[in-house]
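In what follows, a single structure is set out as structure tokens and then discussed.
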Amino acid sequence: MLRQVSVVGRYNRLILTLLLTAIFVWSLFSIHWNSDLFHAGGIPTMLQIVEGLIRPDLSTEVLMKGLEAAWITLAYAVAGMSLAVIYALIVGILASGTLTTNRVSRLISKVFFRGILGFTRSIHELIWAWLFVAAVGLSPYAAIFALAIPYGGILGRIFADMLNDVAQEPITALKSTGASKLQILFYGYLPLIWADMISYTMYRFECAIRSSAIMSFIGLGGLGYQIQLSLADLNYDQVWSYVYFLIALVLLVDIWSNFVRKGLTEQKRRKGFSTGWRSSLFALLLIICSWVFITVSEHANLFELLSDKNIQYAKKFFGGLIGVNEKHPAFLDGGSWSAALKLTLETLEMSLIAIGFATIAAFLTVIPAARNIANGSLTSSKRWYSWVLYGFVRLTYIFSRSVPELVWAMMIIFIFKPGILPGAIALALHNFGILGKLWAEVIEDMDPRPIRNLASAGASNIQIFFYGILPTVMPRFLTYILYRWEVIMRTTIVVGFVGAGGLGMEFKLAMSYFQYTEITLLLLCYMILVVIADFASESTRKAVK
Amino acid sequence: MTSRTMIEAKNISKYFEGKIALSSLSFSIQQGEMVALIGPSGAGKTTLLNSIAGIIPFQNGELLIDSRSISSYKKGKVFAKKVGVIRQQFDLIGSIAVIHNVLAGRLADWSLFKSLLSFLVPQEKGMALKALEKVGLSDKMYEITSTLSGGEQQRVAMARLIVQKPEVILADEPVASLDPARAEDVLEMMIKFVAEEKQTLIASLHSVEYARKYFTRIIALKNGEIQFDLPTEKVTDDLLANLYRLKEQE
């Protein structure tokens with residue numbers, strides 16, 4: 001009996017890998033592979049786009065515009081994140097159940113507040129934005145809230161998990177000093193998770209920059225807006241200039257966040273707090289400047305947002321969503337459901353193709369991208385081209401992940417005809433860089449001893465990869481694939497906006513024609529997909545462990 | 001010396017999933033006593049200390065702390081004045097400065113506002129400084145706690161206890177993870193301040209040598225029962241050999 005279990009246990013990773021591959025191959029059959037996929041002028045356009053990539057427009061006018069747009073993008077990201085952190089802290093602490101006294105109230109607060117966090121993060125920021133704009137019209141607050149709500153949901157959930165995972169000994173010790181629940185929170189829980197909280201928030205801040213850029217879709221200025229304008233004018237060289245600005249912005253945030261993280265770990269060894277204080281001051285300054293800019297220059301007014309007129313609009317919009325005054329709401333109509341479910345399936349296939357492409361691309365490039373392979377410390381063999389290859393692949397990763405899916409989609413739609421393939425490619429392009437970076441870090445964190453042992457036993461590099469590296473990193477690789485697939489699932493609807501097929505395209509049409517109940521139906525389908533993806537990925541992750 | 005009974009246990013029992021952890025223990029401890037709790041691993045030392053600390057409930061019997069039943073202490077703040085706990089070095093919050101870990105011993109008397117303010121402007125700093133002087137760490141007041149060595153962290157935990165000033169101190173293997181020189185250092189310090197403040201100390205120890213050297217009374221536990229409960233000078237080598245003898249040899 002025991003033996004049998006271990007045999008199944010030994011092969012379940014292999015079986016899972018085969019199963020996932022089969023699912024990917026199945027999803028490929030949903031596309032009719034022929035030249036019809038391209039626009040008539042698709043290939044020449046692609047060449048023009050590539051030309052712009054190599055020779056971006058660097059005129060002073062474009063550079064000045066780029067700087068201004070970059071600041072707008074940054075300011076909105078900062079404003080959105082500052083609200084998200086407040087929301088995440090409050091709801092996250094409540095969702096962790098650390099403040100409750102007995103088991104029943106703990107369970108209730110956990111289920112209730114985790115539910116809120118789950119709901120807010122399951123809907124993509126652009127959908128929130130769209131709903132806000134449809135309800136109250138274009139206002140800077142629509143963009144800020146649209147960023148703050150889903151990001152707060154993600155952060156809050158992670159904060160709650162961190163609070164639940166703290167070591168219990170110091171907490172018990174604090175309790176025995178007679179400290180109250182709130183005192184234990186401030187003297188125990190929060191100091192214990194402080195460093196992790198900050199580094200996760202910094203990581204999310206980097207994502208918020210990209211999200212802020214794509215808020216151009218609801219008319220917010222910034223880098224996304226400039227990219228969109230240039231694309232509409234077919235000025236590909238300018239498109240790339242703004243994309244480079246975006247990459248630079250993401251890189252700067254990345255560098256700052258590395259700096260903060262380093263300061264947090266070093267603080268444990270050195271005395272003093274100076275790097276931490278400097279970063280906090282800088283963050284505070286950034287937050288103040290962003291809010292001042294948004295209120296003064298962008299004329300954001302919270303009270304105007306709550307005017308009678310807007311409340312009327314919002315009432316009408318949300319009433320429309322639930323089908324008030326509608327004789328045949330789409331979400332009660334069989335025909336509409338079957339059409340929507342077909343789109344849902346298409347969207348699912350799109351996400352599968354996307355993660356499949358991203359996985360293949362990352363798999364082919366990840367080995368040279370690991371620092372410990374490039375410098376030869378893992379395999380004790382070093383080639384002259386290792387560092388060149390390392391630099392090149394890492395640069396590709398940065399490039400690929402700095403550009404939001406939506407921006408990739410906007411460009412790709414010039415090459416391919418609308419359908420799920422362009423959407424899948426756009427999603428794959430963005431996620432390939434993220435997956436590659438995460439995987440490379442897994443390899444870098446590996447225990448090098450077994451690998452060196454293989455190398456000294458005379459194994460070739462390919463043999464080392466299959467016998468040493470792959471078995472060790474496989475579970476973490478799979479975890480990251482599943483995790484990214486969840487994220488892709490949420491994003492499929494967004495790439496659909498620009499005509500890349502699936503639910504998103506229909507959603508945008510329904511929005512344009514004010515078919516409110518249709519919107520509700522599509523949102524329902526979208527939520528179903530997100531829930532399925534979360535469930536499938538979580539149970540698969542458990543199976544891998 | 002008019003002595004007060006600080007702890008009185010009457011037939012307390014505790015079961016973990018049907019297995020006996022404490023089997024009908026009775027003893028009483030007077031104010032100012034220094035009691036060492038010894039016995040082989042799994043004898044129930046930690047369980048007993050946790051029961052007295054109110055961290056885990058026991059099933060049968062009665063436990064009086066300062067002549068009041070332990071269940072009658074509804075408020076943690078009142079109980080914290082009676083009983084304080086020190087364990088191995090995992091009791092501190094590593095990421096905050098030493099002074100805040102020490103002042104955590106005052107949280108029972110502080111309002112939430114005062115305890116938050118203390119992060120910016122340490123409150124009752126003099127008291128913390130005095131406690132840290134007693135354990136010889138006054139120069140490390142503003143260091144991040146996790147940068148301190150294991151022995152130093154254990155002394156910070158003691159400084160917290162000095163500030164908290166409970167009448168009874170329960171120490172669960174307080175020196176288990178320290179090397180002999182540091183262990184003796186910590187024990188000596190603890191005995192000294194307990195005696196100064198006329199507190200009562202109950203410490204579980206795996207080292208019989210330390211128990212005999214520093215404590216006035218030894219309670220030996222085995223399989224959840226009291227094997228013997230004697231003044232230190234009456235504990236013989238025979239008794240100890242019997243206590244630690246493995247089952248097969250009996």
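The way I read the labels, and the way they are meant: chains A, B, ... in the order of the structure tokens, residue 1 as the first residue of every chain, and ligand 1 as the first ligand shown, with later ones counted on from there.
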Next on the checklist: With only C-alpha atoms as the counted atoms, please give the residues lying no more than 12 Å from A:Ile532, apart from itself and same-chain residues fewer than 4 positions off, as an MDAnalysis selection string.
Outcome noted: chainID A and resid 122 344:345 348 485:486 489:490 525:528 536:540
Checklist entry - Which residues of chain B are close to chain A, meaning at most 9 Å apart when you count only C-alpha atoms, and how do they look as an NGL selection string? => result :B and (53-55 or 75-81 or 83-87 or 90-96 or 100-101 or 104-112 or 115-116 or 142-147 or 160-161 or 164 or 166)
Same residues, C-alpha atoms, saved as a compact mmCIF listing (two decimals), in the first residue's frame:
```
# COMPACT_ATOMS: atom_id res chain seq x y z
CA ALA B 53 0.81 30.46 33.09
CA GLY B 54 -2.77 30.02 31.93
CA ILE B 55 -1.63 29.37 28.35
CA LYS B 75 -8.29 40.11 32.75
CA GLY B 76 -4.89 39.40 31.26
CA LYS B 77 -3.64 42.68 32.68
CA VAL B 78 -4.26 41.66 36.29
CA PHE B 79 -2.83 38.20 35.76
CA ALA B 80 0.31 39.66 34.17
CA LYS B 81 1.09 41.30 37.52
CA VAL B 83 2.66 35.60 36.72
CA GLY B 84 5.33 36.30 34.11
CA VAL B 85 6.89 33.85 31.67
CA ILE B 86 10.36 33.54 30.17
CA ARG B 87 11.34 30.87 27.73
CA PHE B 90 12.26 33.12 20.68
CA ASP B 91 10.15 35.37 22.84
CA LEU B 92 11.32 38.68 21.44
CA ILE B 93 10.29 40.67 18.40
CA GLY B 94 13.49 40.65 16.36
CA SER B 95 12.81 43.64 14.15
CA ILE B 96 12.35 46.33 16.81
CA HIS B 100 10.82 48.49 22.88
CA ASN B 101 11.11 44.79 23.64
CA ALA B 104 6.67 45.60 26.19
CA GLY B 105 6.67 44.46 29.82
CA ARG B 106 4.78 47.68 30.63
CA LEU B 107 2.05 47.25 27.98
CA ALA B 108 -0.43 46.00 30.58
CA ASP B 109 -0.33 49.42 32.25
CA TRP B 110 -0.19 51.52 29.11
CA SER B 111 -2.99 52.84 26.95
CA LEU B 112 -2.85 52.11 23.23
CA SER B 115 2.26 52.40 23.61
CA LEU B 116 2.23 53.81 20.06
CA TYR B 142 18.80 51.17 20.70
CA GLU B 143 20.10 48.19 18.74
CA ILE B 144 17.78 46.07 16.65
CA THR B 145 17.06 43.04 18.81
CA SER B 146 17.80 40.42 16.17
CA THR B 147 21.39 41.68 15.87
CA ARG B 160 11.38 42.75 30.07
CA LEU B 161 10.45 40.57 33.00
CA GLN B 164 6.84 43.66 34.07
CA PRO B 166 5.25 39.81 38.24
```
Checklist entry - Near A:Leu117, counting only C-alpha atoms, which residues have an atom at most 6 Å away, once you skip same-chain residues fewer than 3 positions from it, shown as a PyMOL selection string? => result chain A and resi 114+120+153
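In this structure, atom CA of A:Val25 sits 19.1 Å away from atom CA of A:Lys342.
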Checklist entry - Near A:Ile214, counting only C-alpha atoms, which residues have an atom at most 9 Å away, once you skip same-chain residues fewer than 4 positions from it, shown as a ChimeraX atom specification? => result /A:126,209-210,218,220,222-225,404,406-407
